[in-house]
>>> print(open('my_file08.tsv').read())   # TSV, C-alpha atoms
chain	number	residue	atom	x	y	z
T	1	MET	CA	33.00	352.64	137.01
T	2	ALA	CA	32.90	353.16	140.79
T	3	THR	CA	29.18	352.29	140.86
T	4	LEU	CA	29.83	349.08	138.87
T	5	ALA	CA	32.60	348.07	141.26
T	6	ARG	CA	30.33	348.58	144.30
T	7	LEU	CA	27.61	346.45	142.74
T	8	SER	CA	30.11	343.69	141.98
T	9	ARG	CA	31.40	343.65	145.56
T	10	LYS	CA	27.83	343.47	146.90
T	11	SER	CA	26.98	340.58	144.64
T	12	LEU	CA	30.09	338.71	145.81
T	13	ARG	CA	29.25	339.29	149.49
T	14	ALA	CA	25.66	338.12	149.00
T	15	PRO	CA	24.92	334.49	149.99
T	16	PHE	CA	25.00	332.14	147.02
T	17	SER	CA	21.63	330.37	146.52
T	18	LEU	CA	20.23	328.12	143.82
T	19	SER	CA	16.68	327.46	142.78
T	20	PRO	CA	15.23	323.95	143.20
T	21	SER	CA	15.42	323.32	139.44
T	22	GLN	CA	19.08	324.35	139.39
T	23	CYS	CA	19.85	322.04	142.33
T	24	HIS	CA	18.15	319.17	140.57
T	25	LEU	CA	20.16	319.82	137.39
T	26	LEU	CA	23.41	320.02	139.33
T	27	ARG	CA	22.64	316.76	141.13
T	28	PHE	CA	21.89	315.04	137.80
T	29	LEU	CA	25.15	316.21	136.26
T	30	SER	CA	27.23	315.05	139.20
T	31	THR	CA	25.55	311.61	139.13
T	32	ALA	CA	26.16	311.23	135.40
T	33	THR	CA	29.80	312.20	135.80
T	34	ALA	CA	30.32	309.67	138.61
T	35	SER	CA	28.72	306.87	136.56
T	36	GLN	CA	31.14	307.37	133.65
T	37	PRO	CA	34.16	304.98	133.67
T	38	GLN	CA	37.36	306.59	134.73
T	39	ALA	CA	40.09	306.76	132.07
T	40	SER	CA	42.70	304.14	132.80
T	41	SER	CA	46.26	305.26	133.42
T	42	PRO	CA	48.57	304.83	130.42
T	43	LEU	CA	50.43	301.54	130.30
T	44	PRO	CA	54.20	301.67	130.79
T	45	PRO	CA	56.23	301.25	127.62
T	46	PRO	CA	57.21	297.65	126.87
T	47	SER	CA	60.61	296.67	128.14
T	48	ASN	CA	63.20	295.48	125.63
T	49	LYS	CA	64.94	293.33	128.21
T	50	ILE	CA	64.72	289.60	127.47
T	51	THR	CA	64.77	287.32	130.47
T	52	GLU	CA	66.46	284.02	129.83
T	53	SER	CA	64.49	280.94	130.75
T	54	PRO	CA	66.05	278.93	133.61
T	55	HIS	CA	65.16	275.73	131.73
T	56	ARG	CA	67.26	276.59	128.69
T	57	VAL	CA	70.18	274.22	128.12
T	58	LYS	CA	73.42	276.11	127.61
T	59	TRP	CA	75.29	274.23	124.93
T	60	ASP	CA	78.94	274.87	124.21
T	61	TYR	CA	78.33	275.89	120.62
T	62	ARG	CA	80.45	278.41	118.76
T	63	GLY	CA	79.53	280.48	115.73
T	64	GLN	CA	82.34	279.12	113.57
T	65	ARG	CA	82.55	275.60	112.19
T	66	GLN	CA	85.95	274.05	111.69
T	67	ILE	CA	84.99	271.27	109.26
T	68	ILE	CA	82.54	272.22	106.50
T	69	PRO	CA	81.58	269.42	104.06
T	70	LEU	CA	80.46	270.42	100.57
T	71	GLY	CA	78.32	267.85	98.81
T	72	GLN	CA	80.27	264.60	98.63
T	73	TRP	CA	83.53	266.26	99.70
T	74	ASN	CA	84.44	266.09	103.35
T	75	PRO	CA	87.71	267.56	104.71
T	76	LYS	CA	90.08	264.88	105.99
T	77	VAL	CA	92.45	265.47	108.89
T	78	ALA	CA	94.95	262.87	110.07
T	79	VAL	CA	94.77	261.70	113.67
T	80	ASP	CA	98.08	263.27	114.69
T	81	ALA	CA	97.70	266.46	112.63
T	82	TYR	CA	97.16	269.69	114.54
T	83	VAL	CA	94.41	272.00	113.30
T	84	ALA	CA	93.75	275.05	115.48
T	85	PRO	CA	90.19	275.51	116.78
T	86	ASN	CA	89.48	278.63	114.69
T	87	VAL	CA	90.72	277.20	111.39
T	88	VAL	CA	88.17	276.64	108.60
T	89	LEU	CA	88.51	273.61	106.31
T	90	THR	CA	86.02	273.46	103.47
T	91	GLY	CA	85.46	270.80	100.81
T	92	GLN	CA	88.33	268.87	99.21
T	93	VAL	CA	90.97	269.47	101.89
T	94	THR	CA	93.40	266.83	103.16
T	95	VAL	CA	95.79	267.40	106.07
T	96	TYR	CA	98.31	264.56	106.33
T	97	ASP	CA	100.17	263.05	109.29
T	98	GLY	CA	102.27	265.42	111.38
T	99	ALA	CA	101.04	268.51	109.54
T	100	SER	CA	99.79	271.59	111.36
T	101	VAL	CA	97.42	274.40	110.37
T	102	TRP	CA	97.63	277.34	112.75
T	103	ASN	CA	95.17	279.90	114.06
T	104	GLY	CA	92.93	281.85	111.71
T	105	SER	CA	93.86	280.05	108.49
T	106	VAL	CA	91.26	279.25	105.84
T	107	LEU	CA	91.62	276.30	103.44
T	108	ARG	CA	88.81	276.54	100.92
T	109	GLY	CA	88.66	273.50	98.67
T	110	ASP	CA	85.27	274.18	97.13
T	111	LEU	CA	86.54	274.21	93.53
T	112	ASN	CA	89.57	271.91	93.60
T	113	LYS	CA	91.81	269.90	95.92
T	114	ILE	CA	94.04	271.28	98.67
T	115	THR	CA	96.64	269.05	100.34
T	116	VAL	CA	99.01	269.74	103.22
T	117	GLY	CA	101.74	267.11	103.23
T	118	PHE	CA	103.54	265.19	105.95
T	119	CYS	CA	105.18	267.38	108.63
T	120	SER	CA	104.33	270.58	106.76
T	121	ASN	CA	102.88	273.64	108.46
T	122	VAL	CA	100.57	276.46	107.40
T	123	GLN	CA	100.98	279.25	109.89
T	124	GLU	CA	98.64	282.00	111.14
T	125	LYS	CA	96.11	283.79	108.92
T	126	CYS	CA	96.97	281.98	105.69
T	127	VAL	CA	94.42	281.59	102.89
T	128	LEU	CA	94.62	278.58	100.56
T	129	HIS	CA	92.30	278.30	97.61
T	130	ALA	CA	92.15	276.41	94.32
T	131	ALA	CA	90.60	277.42	91.01
T	132	TRP	CA	88.61	275.30	88.57
T	133	SER	CA	91.47	275.30	86.09
T	134	SER	CA	94.82	277.00	85.59
T	135	PRO	CA	95.34	279.38	82.63
T	136	THR	CA	98.84	277.96	82.18
T	137	GLY	CA	97.61	274.38	81.75
T	138	LEU	CA	99.37	273.27	84.94
T	139	PRO	CA	97.48	271.45	87.72
T	140	ALA	CA	94.89	273.73	89.32
T	141	GLU	CA	94.93	272.08	92.72
T	142	THR	CA	96.92	273.55	95.61
T	143	SER	CA	99.54	271.04	96.71
T	144	ILE	CA	101.95	271.42	99.63
T	145	GLU	CA	104.36	268.51	99.84
T	146	ARG	CA	106.27	267.21	102.89
T	147	PHE	CA	108.50	269.32	105.19
T	148	VAL	CA	107.23	272.64	103.84
T	149	THR	CA	106.98	275.77	105.99
T	150	VAL	CA	104.42	278.39	104.92
T	151	GLY	CA	104.78	281.62	106.89
T	152	GLY	CA	101.89	283.61	108.29
T	153	TYR	CA	99.52	285.77	106.19
T	154	CYS	CA	100.35	283.98	102.91
T	155	LEU	CA	97.96	283.58	99.98
T	156	LEU	CA	98.29	280.39	97.95
T	157	ARG	CA	96.06	279.77	94.96
T	158	SER	CA	96.35	276.75	92.65
T	159	CYS	CA	100.09	276.42	93.18
T	160	THR	CA	102.47	273.52	93.83
T	161	ILE	CA	105.18	273.54	96.50
T	162	GLU	CA	107.55	270.59	96.32
T	163	PRO	CA	109.19	268.96	99.39
T	164	GLU	CA	111.47	270.89	101.75
T	165	CYS	CA	110.71	274.50	100.87
T	166	ILE	CA	110.15	277.69	102.87
T	167	VAL	CA	107.61	280.35	101.90
T	168	GLY	CA	108.14	283.59	103.81
T	169	GLN	CA	105.43	285.61	105.52
T	170	HIS	CA	102.98	287.71	103.45
T	171	SER	CA	103.95	285.91	100.25
T	172	ILE	CA	101.53	285.39	97.35
T	173	LEU	CA	101.67	282.43	94.97
T	174	MET	CA	99.35	282.77	91.99
T	175	GLU	CA	97.75	280.18	89.69
T	176	GLY	CA	100.06	277.61	88.15
T	177	SER	CA	103.17	278.72	90.04
T	178	LEU	CA	105.69	276.04	91.02
T	179	VAL	CA	108.24	276.10	93.83
T	180	GLU	CA	110.73	273.29	93.35
T	181	THR	CA	112.39	271.37	96.16
T	182	HIS	CA	115.02	272.99	98.42
T	183	SER	CA	113.91	276.52	97.55
T	184	ILE	CA	113.23	279.56	99.73
T	185	LEU	CA	110.94	282.52	99.09
T	186	GLU	CA	111.69	285.63	101.12
T	187	ALA	CA	108.92	287.41	103.04
T	188	GLY	CA	106.59	289.49	100.88
T	189	SER	CA	107.43	287.69	97.64
T	190	VAL	CA	104.87	287.59	94.85
T	191	VAL	CA	105.11	284.70	92.37
T	192	PRO	CA	103.16	285.49	89.16
T	193	PRO	CA	100.99	282.89	87.41
T	194	GLY	CA	102.98	280.10	85.80
T	195	ARG	CA	106.31	281.16	87.31
T	196	ARG	CA	108.74	278.38	88.30
T	197	ILE	CA	111.17	278.74	91.20
T	198	PRO	CA	114.12	276.42	90.39
T	199	SER	CA	115.50	274.01	92.94
T	200	GLY	CA	118.10	275.19	95.43
T	201	GLU	CA	117.58	278.94	94.89
T	202	LEU	CA	116.56	281.96	96.96
T	203	TRP	CA	113.99	284.29	95.38
T	204	ALA	CA	112.48	287.54	96.63
T	205	GLY	CA	110.56	290.64	95.53
T	206	ASN	CA	107.42	291.63	93.68
T	207	PRO	CA	107.47	289.99	91.22
T	208	ALA	CA	109.83	287.38	92.65
T	209	ARG	CA	113.35	287.42	91.20
T	210	PHE	CA	116.42	285.27	91.63
T	211	VAL	CA	118.71	286.40	94.49
T	212	ARG	CA	121.32	283.68	94.91
T	213	THR	CA	121.91	279.95	95.12
T	214	LEU	CA	121.45	278.30	98.51
T	215	THR	CA	124.37	276.61	100.22
T	216	HIS	CA	124.29	272.97	101.19
T	217	GLU	CA	124.02	273.89	104.89
T	218	GLU	CA	120.98	276.10	104.20
T	219	THR	CA	119.17	273.32	102.38
T	220	LEU	CA	119.77	271.02	105.34
T	221	GLU	CA	118.14	273.53	107.69
T	222	ILE	CA	114.84	273.60	105.74
T	223	PRO	CA	113.45	270.24	106.98
T	224	LYS	CA	114.80	270.94	110.48
T	225	LEU	CA	112.59	274.04	110.69
T	226	ALA	CA	109.52	272.01	109.69
T	227	VAL	CA	110.32	269.37	112.33
T	228	ALA	CA	110.80	272.07	115.01
T	229	ILE	CA	107.38	273.57	114.24
T	230	ASN	CA	105.88	270.09	114.29
T	231	ASP	CA	107.33	269.56	117.79
T	232	LEU	CA	105.87	272.89	118.88
T	233	SER	CA	102.45	271.90	117.57
T	234	ARG	CA	102.49	268.86	119.88
T	235	SER	CA	102.21	271.12	122.93
T	236	HIS	CA	99.27	272.96	121.33
T	237	PHE	CA	97.66	269.70	120.27
T	238	SER	CA	97.56	268.42	123.86
T	239	GLU	CA	95.52	271.49	124.91
T	240	PHE	CA	92.68	270.96	122.43
T	241	LEU	CA	90.44	267.97	121.92
T	242	PRO	CA	90.17	266.86	118.30
T	243	TYR	CA	86.39	266.60	118.76
T	244	SER	CA	83.60	268.71	120.16
T	245	THR	CA	82.91	269.11	123.89
T	246	VAL	CA	79.12	268.95	123.49
T	247	TYR	CA	79.17	265.44	124.94
T	248	LEU	CA	80.03	266.98	128.35
T	249	GLU	CA	76.80	268.99	128.31
T	250	VAL	CA	74.83	265.91	127.29
T	251	GLU	CA	76.25	263.99	130.25
T	252	LYS	CA	75.34	266.84	132.62
T	253	MET	CA	71.77	266.91	131.31
T	254	LYS	CA	71.42	263.12	131.66
T	255	LYS	CA	72.65	263.27	135.26
T	256	LYS	CA	70.22	266.08	136.05
T	257	LEU	CA	67.27	264.16	134.59
T	258	GLY	CA	68.33	260.91	136.24
T	259	ILE	CA	69.02	259.11	132.98
T	260	THR	CA	71.57	256.31	133.19
T	261	ILE	CA	74.68	257.14	131.21
>>> encode(input="my_file08.tsv", output="structure tokens")
Amino acid sequence: MATLARLSRKSLRAPFSLSPSQCHLLRFLSTATASQPQASSPLPPPSNKITESPHRVKWDYRGQRQIIPLGQWNPKVAVDAYVAPNVVLTGQVTVYDGASVWNGSVLRGDLNKITVGFCSNVQEKCVLHAAWSSPTGLPAETSIERFVTVGGYCLLRSCTIEPECIVGQHSILMEGSLVETHSILEAGSVVPPGRRIPSGELWAGNPARFVRTLTHEETLEIPKLAVAINDLSRSHFSEFLPYSTVYLEVEKMKKKLGITI
């Protein structure tokens, strides 16, 4: 082992020399390696960021449509009726003079008619719908007569509410139900299909049951409440245009392009 180690050290200390043929081969290999194309560096991963074009016109569109026609049926809203911007009216819906439909309500008249009478109000998050036909044989359309107050979060389906009534919050009126004039439903009442609420009575519960007869003073307060809510809707009505504001963007674009307005 010692002899092998000495020979190895001598060979390492000896000058390194190549034969002419080895030099020629080494020169050829280095030339061939230099002539090969270098591998390109890997491309950076594509960026998911989308750059908005400066030429894009920013319209004032919103994802929700307020008026949705269905076939030949187009919702009709009176000039002085207040319909909140995020309300959805679909199909055979008519909102009469002085009426108000408040934020988040949906009136879906795709199967039958829905009417909101003079000076009546449908408050927040209500859903009004109408079936093709009523199993009781009564009218299947949803009809709200004049001076009616419908509290928030109510569900009305193919029912009739006669003039000067109050429907409390979170109430449910099923198909064919009838609320006669000068009646009050307490909050959370559920009126089964075909049930009639007689005139001048207070009903409550699930299912709704008779509680007591209303006094003359209480019946006089029912239309006053509807008028008070109508007056309140006037202040909201003045804050919202009854039409779209897209025309403002069109005017800006025409001015920018030098088009005479």
>>> closest_residue(input="my_file08.tsv", among="T:Lys76, T:His236, T:Arg212, T:Arg65", to="Val88 of chain T", atoms="all atoms listed in the file")
T:Arg65
>>> residues_near_point(input="my_file08.tsv", point="(111.1, 273.8, 98.2)", cutoff="9 Å", atoms="all atoms listed in the file", output="PyMOL selection string")
chain T and resi 145+147-148+161-167+179-185+197-201+222
>>> residues_around(input="my_file08.tsv", residues="Val122 of chain T", least_positions_apart="6", cutoff="10 Å", atoms="only C-alpha atoms", output="list in words")
Val83, Ala99, Ser100, Val101, Trp102, Asn103, Ser105, Val106, Leu107, Val116, Leu128, Ile144, Val148, Thr149, Val150, Gly151, Gly152, Tyr153, Cys154 and Val167 of chain T
>>> closest_residue(input="my_file08.tsv", among="T:Leu156, T:Ala78, T:Cys119, T:Ile67", to="Val191 of chain T", atoms="only C-alpha atoms")
T:Leu156
>>> residues_around(input="my_file08.tsv", residues="Gly104 of chain T", least_positions_apart="2", cutoff="6 Å", atoms="all atoms listed in the file", output="list in words")
Asn86, Val87, Glu124 and Lys125 of chain T
>>> residues_near_point(input="my_file08.tsv", point="(96.4, 261.2, 108.2)", cutoff="8 Å", atoms="all atoms listed in the file", output="list in words")
Lys76, Val77, Ala78, Val79, Asp80, Ala81, Val95, Tyr96, Asp97 and Gly98 of chain T
>>> write_last_selection(input="my_file08.tsv", atoms="C-alpha atoms", output="PDB file, in the coordinates of the input")
ATOM      1  CA  LYS T  76      90.080 264.880 105.990  1.00  0.00           C
ATOM      2  CA  VAL T  77      92.450 265.470 108.890  1.00  0.00           C
ATOM      3  CA  ALA T  78      94.950 262.870 110.070  1.00  0.00           C
ATOM      4  CA  VAL T  79      94.770 261.700 113.670  1.00  0.00           C
ATOM      5  CA  ASP T  80      98.080 263.270 114.690  1.00  0.00           C
ATOM      6  CA  ALA T  81      97.700 266.460 112.630  1.00  0.00           C
ATOM      7  CA  VAL T  95      95.790 267.400 106.070  1.00  0.00           C
ATOM      8  CA  TYR T  96      98.310 264.560 106.330  1.00  0.00           C
ATOM      9  CA  ASP T  97     100.170 263.050 109.290  1.00  0.00           C
ATOM     10  CA  GLY T  98     102.270 265.420 111.380  1.00  0.00           C
TER      11      GLY T  98
END
>>> atom_distance(input="my_file08.tsv", atom1="atom CA of Arg146 of chain T", atom2="atom CA of Thr115 of chain T")
10.1 Å
>>> closest_residue(input="my_file08.tsv", among="T:Ser143, T:Ser189, T:Ser120, T:Asn230", to="Phe210 of chain T", atoms="only C-alpha atoms")
T:Ser189
>>> axis_aligned_box(input="my_file08.tsv", around="segment 156-164 of chain T", padding_each_side="5 Å", output="AutoDock Vina command-line options")
--center_x 103.8 --center_y 274.7 --center_z 97.2 --size_x 25.4 --size_y 21.4 --size_z 19.1
>>> closest_residue(input="my_file08.tsv", among="T:Leu232, T:Leu89, T:Met174, T:Leu257", to="Ala131 of chain T", atoms="all atoms listed in the file")
T:Met174
>>> closest_residue(input="my_file08.tsv", among="T:Gly117, T:Gly91, T:Pro85, T:Gly109", to="Ala226 of chain T", atoms="only C-alpha atoms")
T:Gly117
>>> atom_distance(input="my_file08.tsv", atom1="atom CA of Ile114 of chain T", atom2="atom CA of Leu138 of chain T")
14.9 Å
>>> closest_residue(input="my_file08.tsv", among="T:Thr219, T:Glu175, T:Thr213, T:Lys224", to="Arg196 of chain T", atoms="all atoms listed in the file")
T:Glu175
>>> atom_distance(input="my_file08.tsv", atom1="atom CA of Gln123 of chain T", atom2="atom CA of Leu178 of chain T")
19.7 Å
>>> residues_around(input="my_file08.tsv", residues="Gly205 of chain T", least_positions_apart="4", cutoff="8 Å", atoms="only C-alpha atoms", output="PDB file with C-alpha atoms, keeping the file's coordinate frame")
ATOM      1  CA  GLU T 186     111.690 285.630 101.120  1.00  0.00           C
ATOM      2  CA  GLY T 188     106.590 289.490 100.880  1.00  0.00           C
ATOM      3  CA  SER T 189     107.430 287.690  97.640  1.00  0.00           C
ATOM      4  CA  VAL T 190     104.870 287.590  94.850  1.00  0.00           C
ATOM      5  CA  ARG T 209     113.350 287.420  91.200  1.00  0.00           C
TER       6      ARG T 209
END
>>> build_atoms(input="my_file08.tsv", residues="segment 193-211 of chain T", atoms="N, CA, C and O atoms", output="short mmCIF file (atom, residue, chain, number, x, y, z; two decimals), in the frame of the given file")
data_model
loop_
_atom_site.label_atom_id
_atom_site.label_comp_id
_atom_site.auth_asym_id
_atom_site.auth_seq_id
_atom_site.Cartn_x
_atom_site.Cartn_y
_atom_site.Cartn_z
N PRO T 193 101.53 284.14 87.95
CA PRO T 193 100.99 282.89 87.41
C PRO T 193 101.96 282.20 86.47
O PRO T 193 102.59 282.83 85.61
N GLY T 194 102.13 280.89 86.67
CA GLY T 194 102.98 280.10 85.80
C GLY T 194 104.47 280.21 86.04
O GLY T 194 105.25 279.58 85.34
N ARG T 195 104.88 280.99 87.05
CA ARG T 195 106.31 281.16 87.31
C ARG T 195 106.86 279.94 88.04
O ARG T 195 106.22 279.39 88.93
N ARG T 196 108.08 279.52 87.66
CA ARG T 196 108.74 278.38 88.30
C ARG T 196 109.95 278.87 89.08
O ARG T 196 110.78 279.61 88.55
N ILE T 197 110.02 278.44 90.36
CA ILE T 197 111.17 278.74 91.20
C ILE T 197 112.08 277.52 91.17
O ILE T 197 111.73 276.47 91.70
N PRO T 198 113.26 277.62 90.53
CA PRO T 198 114.12 276.42 90.39
C PRO T 198 114.61 275.90 91.73
O PRO T 198 114.61 276.59 92.75
N SER T 199 115.05 274.67 91.72
CA SER T 199 115.50 274.01 92.94
C SER T 199 116.80 274.63 93.46
O SER T 199 117.69 275.01 92.68
N GLY T 200 116.88 274.73 94.78
CA GLY T 200 118.10 275.19 95.43
C GLY T 200 118.40 276.66 95.28
O GLY T 200 119.56 277.06 95.37
N GLU T 201 117.34 277.51 95.09
CA GLU T 201 117.58 278.94 94.89
C GLU T 201 116.76 279.77 95.88
O GLU T 201 115.72 279.32 96.39
N LEU T 202 117.24 280.99 96.11
CA LEU T 202 116.56 281.96 96.96
C LEU T 202 115.99 283.06 96.07
O LEU T 202 116.73 283.69 95.30
N TRP T 203 114.66 283.27 96.18
CA TRP T 203 113.99 284.29 95.38
C TRP T 203 113.30 285.28 96.32
O TRP T 203 112.91 284.93 97.43
N ALA T 204 113.13 286.51 95.82
CA ALA T 204 112.48 287.54 96.63
C ALA T 204 111.96 288.64 95.71
O ALA T 204 112.39 288.77 94.56
N GLY T 205 111.05 289.46 96.24
CA GLY T 205 110.56 290.64 95.53
C GLY T 205 109.19 290.48 94.93
O GLY T 205 108.56 289.43 95.01
N ASN T 206 108.72 291.58 94.33
CA ASN T 206 107.42 291.63 93.68
C ASN T 206 107.59 292.26 92.29
O ASN T 206 107.78 293.47 92.18
N PRO T 207 107.56 291.45 91.24
CA PRO T 207 107.47 289.99 91.22
C PRO T 207 108.76 289.34 91.70
O PRO T 207 109.82 289.97 91.72
N ALA T 208 108.68 288.07 92.08
CA ALA T 208 109.83 287.38 92.65
C ALA T 208 110.94 287.24 91.61
O ALA T 208 110.69 286.90 90.45
N ARG T 209 112.17 287.52 92.07
CA ARG T 209 113.35 287.42 91.20
C ARG T 209 114.42 286.61 91.91
O ARG T 209 114.47 286.54 93.14
N PHE T 210 115.32 286.07 91.11
CA PHE T 210 116.42 285.27 91.63
C PHE T 210 117.37 286.16 92.44
O PHE T 210 117.75 287.26 92.01
N VAL T 211 117.77 285.67 93.63
CA VAL T 211 118.71 286.40 94.49
C VAL T 211 120.06 285.70 94.50
O VAL T 211 121.09 286.28 94.17
#
